[in-house]
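The structure appears right after this line, and notes come after that.
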Amino acid sequence: MQNEIEKSFPLIAVQNTLVFPSTSLFLVIGRKMSVKALDAAQNNSGHIVVAAQIPTGKDLSEIDPAKIYSMGTLCELRNVHGHEKTGFQVLVSGRVRFKINRILEKNNYLQVTGFELPDEFEDDAETRALSNSIKIFAKQLLEFKPGADQNISDLIAESTKYDEIVYHCASYLKLDVIQMQELLSELSIKKKMKKLLDLIGREREVFLLEKDIREKVGKRLNSAQREGLLREQLQAIKEELGETKSPKQADLSDKIKNAQMPPEVEKIAMQEFERLNSIHFTSPEFQVIENYLDWLCSVPWTNATQETFDLKHSESILDQQHYGLAKIKRRILEHIAVAKLTQNQKGSILCLVGPPGVGKTSLGRSIAEAMGKKFVRVSLGGIRDTSDIRGHRRTYIGSMPGRIIQGLKRVGVNNPVMLFDEIDKLGSSFMGDPSSAMLEVLDPEQNHNFVDHFLDVPFDLSQVFFITTANRLDTIPEPLRDRMEIIELSSYTMTEKIFIGERFILPVVLKDAGLTPEDFNFPSELFGFVVEGYTREAGVRELKRVLSSICRAWAYDKINETTQSTTIDKKQIEIYLGPPKFMKSQRLLNWVPGLATGLAWTPVGGDVLYLESLKASGTGKLKLTGQLGDVMKESAEIGLSYICSRLSHLNPDFTCQKYDFHLHIPAGAIPKDGPSAGVTMATCLASLIIEKAVDQDLAMTGELTLSGSVLPVGGIKEKVLAAHRAKLKRIIIPKGNLKDLYEVPEEIRKEIEFISVESMDEVLEIALKLTQTITAYWSNAPQAEVLTS
């Protein structure tokens with residue numbers, strides 16, 4: 001024998017069928033030992049032996065190892081659906097015959113030991129003749145069968161492997177398990193072919209005889225009698241073969257009628273249902289069609305939630321669940337008011353943009369509750385396949401609709417609030433660009449006829465209220481961005497964080513830790529200490545984690561009775577969390593000329609940048625460090641060129657060519673880019689050259705041009721909030737950004753002095769009093785040092 005290397009695999013015993021090598025078959029598995037064997041195979045190599053039980057005419061619900069044929073098939077698991085309560089539908093692909101030597105029970109399933117036993121091939125003239133005969137007779141037989149798949153006939157005709165021809169042909173004959181087992185057990189492929197030709201011939205003769213009888217009887221029966229008799233015969237034959245409709249199949253017709261589909265969709269569904277009735281339930285196509293019809297019936301074609309038009313109620317819900325956010329709340333209330341006046345509930349498309357932790361996702365839930373609608377969230381982060389949006393085509397095994405249709409099925413209505421989370425994280429790959437697929441979904445002029453590839457029929461998405469969230473807009477393609485109404489959610493102020501922490505977060509974390517307000521009192525004045533000392537973020541996500549840590553530690557001490565107090569203090573917080581991570585003293589302590597304070601916008605809010613510079617004898621080169629992007633590097637070069645030009649204008653004998661400059665922005669592990677640090681870098685270099693320190697409490701932002709103009713920049717609110725967190729007192733901003741200060745809370749505007757400028761000369765006068773400083777510096781310094789060294 002060949003390949004007599006004993007191997008062990010889990011065993012699935014089947015009734016009234018078996019799996020041939022080189023073929024695929026759906027198995028319905030429900031018996032406990034078979035389910036355990038399936039689990040074992042999934043957890044191992046994905047291979048399993050399938051063997052038939054010897055028919056005894058008795059109940060085969062229990063598996064008797066002594067009543068299992070010794071020749072089975074080693075199979076590979078391809079697809080598994082279902083669970084233990086309802087059974088599993090498993091698609092297996094036969095690989096090779098498997099000779100069973102021993103069957104042992106292991107961990108509540110059967111395990112077989114044996115060896116692979118390939119067929120013996122004889123490639124001679126007789127074998128080739130038998131192969132051609134099988135192809136011819138198989139094609140004729142499949143042509144006789146109503147509803148036969150033409151692809152099977154083509155597969156057999158085009159195959160050049162003898163075993164594939166035999167097994168594919170045998171799998172479509174009406175053979176009982178004894179005949180199938182005899183064919184599988186035969187070692188010689190030539191003898192297999194002879195047996196198969198005999199079986200094909202018999203089935204062909206039976207079919208022709210039945211056809212002749214039907215034609216003769218048909219002449220004597222009118223159409224009504226003929227239809228009734230044929231249906232009775234068909235039902236009797238199916239009952240005899242065990243092919244009667246499953247309860248699920250029998251209910252499909254009623255489900256299609258009750259699904260309230262559009263007429264054109266219902267017509268397609270009924271056509272597929274008729275196809276289903278003409279296909280054998282063991283055919284892979286049967287499962288595909290049944291799954292398709294089940295999805296068509298489950299989609300909410302007309303089911304809708306009655307929208308709430310009570311403005312006061314909606315406003316109350318939004319205020320209860322979210323603090324601030326007046327702009328977005330006003331937009332939602334406007335939508336409800338318009339819908340009430342027009343009675344048109346057509347969905348809108350909003351894009352909430354802001355740093356992490358400011359409440360974009362939770363706001364989507366609140367909007368749904370305020371409008372009386374159901375809510376469904378679809379995460380888009382990391383999606384790189386258009387099939388996740390549009391669905392898979394039904395030609396693939398295991399295909400399913402896209403996430404939009406799946407979400408609508410989950411909520412059961414066609415007008416929910418649907419939140420697309422992290423739309424700026426969509427990617428693209430060789431499988432397509434999901435952002436392109438989103439163009440149709442988020443276009444009110446197109447989404448009323450959205451076609452999912454799996455359903456392949458139009459579905460109306462115009463009633464869905466779409467909300468998308470993003471941390472930044474620059475990664476969203478322009479055509480997609482153009483379809484959405486952008487609403488920006490900026491960073492929270494210190495006052496807002498304290499209020500949110502006390503009113504919204506603390507009650508939640510107390511409940512999660514199993515504590516009550518009587519067990520744990522958190523004084524209001526400590527919220528500022530926690531926010532300033534242990535969080536440095538735009539939102540409140542880290543604040544929630546910190547408060548959760550405190551509550552868990554307090555619960556631990558309460559259980560161990562290590563504390564008798566019910567009120568926490570600063571000392572106890574530091575015991576739980578350690579020393580504060582962020583302190584005011586983190587500013588640069590050695591503040592000297594060549595340093596300046598800048599402001600930056602990041603996806604997680606504003607930040608403060610402390611720029612450093614040094615000079616040494618050289619040839620006028622500029623070295624930049626701190627992982628700066630191209631735009632930021634160009635801004636630094638513009639700043640140096642302008643400062644050198646300005647200083648030489650004030651003193652014609654001055655030149656920068658005698659020095660090399662090094663400009664560094666700390667936090668070198670974080671990439672930085674953008675033009676808004678232009679004025680800060682120029683001021684930093686000017687401070688270095690004239691050896692005068694900039695006020696440490698003065699921050700600045702603005703884009704610098706080569707002619708010395710200061711242009712407006714973005715992210716003003718976030719930058720101002722970052723400056724306020726860092727206790728900075730004065731900020732220089734471009735004059736064109738004065739209009740953006742209205743977004744900054746009034747209490748912060750009162751604490752910071754804003755100085756607007758249009759030119760770099762103004763910045764230098766404010767930061768360094770340039771003309772006065774240079775005159776004093778050059779008049780006191782040795783001429784050779786100032787001009788030529």
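Starting from 1 in every chain, residues are counted up; chains themselves are A, B, ... following the order of the structure tokens, and ligands are numbered from 1 as listed.
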
DSSP alpha helix (DSSP H) selection over region 306-402 of chain A, as a PyMOL selection string
chain A and resi 311-321+326-342+360-371+387-390

A:Thr602, A:Thr469, A:Asn16, A:Thr625 ranked by distance to Glu488 (chain A), top pick (using only C-alpha atoms)
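Once distances to Glu488 (chain A) are computed over only C-alpha atoms, the minimum belongs to A:Thr469.
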
Interatomic distance between CA of Leu183 (chain A) and CA of Leu196 (chain A)?
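Calculated distance between CA of Leu183 (chain A) and CA of Leu196 (chain A) is 7.7 Å.
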
Nearby residues (only C-alpha atoms) at most 8 Å from Arg394 (chain A), same-chain spacing under 5 positions excluded, as a list in words:
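Non-adjacent residues within range: Val288, Ser399, Met400, His453 and Phe454 of chain A.
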
Residues from last step as file, N, CA, C and O atoms, as a compact mmCIF listing (two decimals), in the first residue's frame:
```
# COMPACT_ATOMS: atom_id res chain seq x y z
N VAL A 288 -27.09 28.72 -0.70
CA VAL A 288 -26.88 30.10 -1.14
C VAL A 288 -28.21 30.80 -1.36
O VAL A 288 -28.42 31.93 -0.90
N SER A 399 -20.62 34.53 1.44
CA SER A 399 -20.85 35.95 1.16
C SER A 399 -22.02 36.47 1.99
O SER A 399 -22.89 35.71 2.41
N MET A 400 -22.03 37.78 2.23
CA MET A 400 -23.09 38.40 3.03
C MET A 400 -23.21 39.87 2.64
O MET A 400 -22.31 40.41 1.98
N HIS A 453 -24.32 44.64 -3.20
CA HIS A 453 -23.96 43.59 -4.15
C HIS A 453 -24.58 42.24 -3.80
O HIS A 453 -24.86 41.44 -4.68
N PHE A 454 -24.78 41.99 -2.52
CA PHE A 454 -25.35 40.71 -2.12
C PHE A 454 -26.84 40.66 -2.44
O PHE A 454 -27.33 39.70 -3.06
```

Measuring atom to atom with only C-alpha atoms, identify which of A:Gly94, A:Ser641, A:Leu609, A:Phe661 is nearest to Ala726 (chain A).
A:Leu609

Which region 378-476 of chain A residues have any atom within 7 Å of an atom of region 293-315 of chain A, and for each, what is the nearest pair of atoms with distance in Å to one decimal, counting only C-alpha atoms, rows sorted by chain and number, as JSON lines?
```
{"residue": "A:Leu408", "atom": "CA", "partner": "A:Val299", "partner_atom": "CA", "distance": 6.9}
{"residue": "A:Lys409", "atom": "CA", "partner": "A:Val299", "partner_atom": "CA", "distance": 5.2}
{"residue": "A:Gly412", "atom": "CA", "partner": "A:Pro300", "partner_atom": "CA", "distance": 5.4}
{"residue": "A:Val413", "atom": "CA", "partner": "A:Ala304", "partner_atom": "CA", "distance": 4.8}
{"residue": "A:Asn414", "atom": "CA", "partner": "A:Ala304", "partner_atom": "CA", "distance": 5.4}
{"residue": "A:Asn415", "atom": "CA", "partner": "A:Ala304", "partner_atom": "CA", "distance": 5.7}
{"residue": "A:Leu455", "atom": "CA", "partner": "A:Leu296", "partner_atom": "CA", "distance": 6.9}
```

Show me, as an NGL selection string, the residues that have an atom within 9 Å of Trp591 (chain A) when counting only C-alpha atoms, minus same-chain residues fewer than 6 positions from it.
:A and (693-694 or 696)

N, CA, C and O atoms of the current selection, written as a short mmCIF file (atom, residue, chain, number, x, y, z; two decimals), in the first residue's frame:
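As a result, again_6.cif now contains:
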```
data_model
loop_
_atom_site.label_atom_id
_atom_site.label_comp_id
_atom_site.auth_asym_id
_atom_site.auth_seq_id
_atom_site.Cartn_x
_atom_site.Cartn_y
_atom_site.Cartn_z
N ALA A 693 16.30 87.39 25.68
CA ALA A 693 15.30 86.36 25.94
C ALA A 693 13.89 86.88 25.68
O ALA A 693 13.57 88.05 25.94
N VAL A 694 13.05 86.00 25.17
CA VAL A 694 11.63 86.30 24.97
C VAL A 694 10.90 86.05 26.28
O VAL A 694 11.28 85.16 27.05
N GLN A 696 8.73 84.43 28.84
CA GLN A 696 8.31 83.03 28.89
C GLN A 696 6.79 82.88 28.91
O GLN A 696 6.27 81.84 28.55
#
```

Considering only strand (DSSP E) as DSSP defines it on the backbone, what residues of region 572-699 of chain A qualify? List them as a PyMOL selection string.
chain A and resi 595-602+605-617+622-625+659-664+698-699
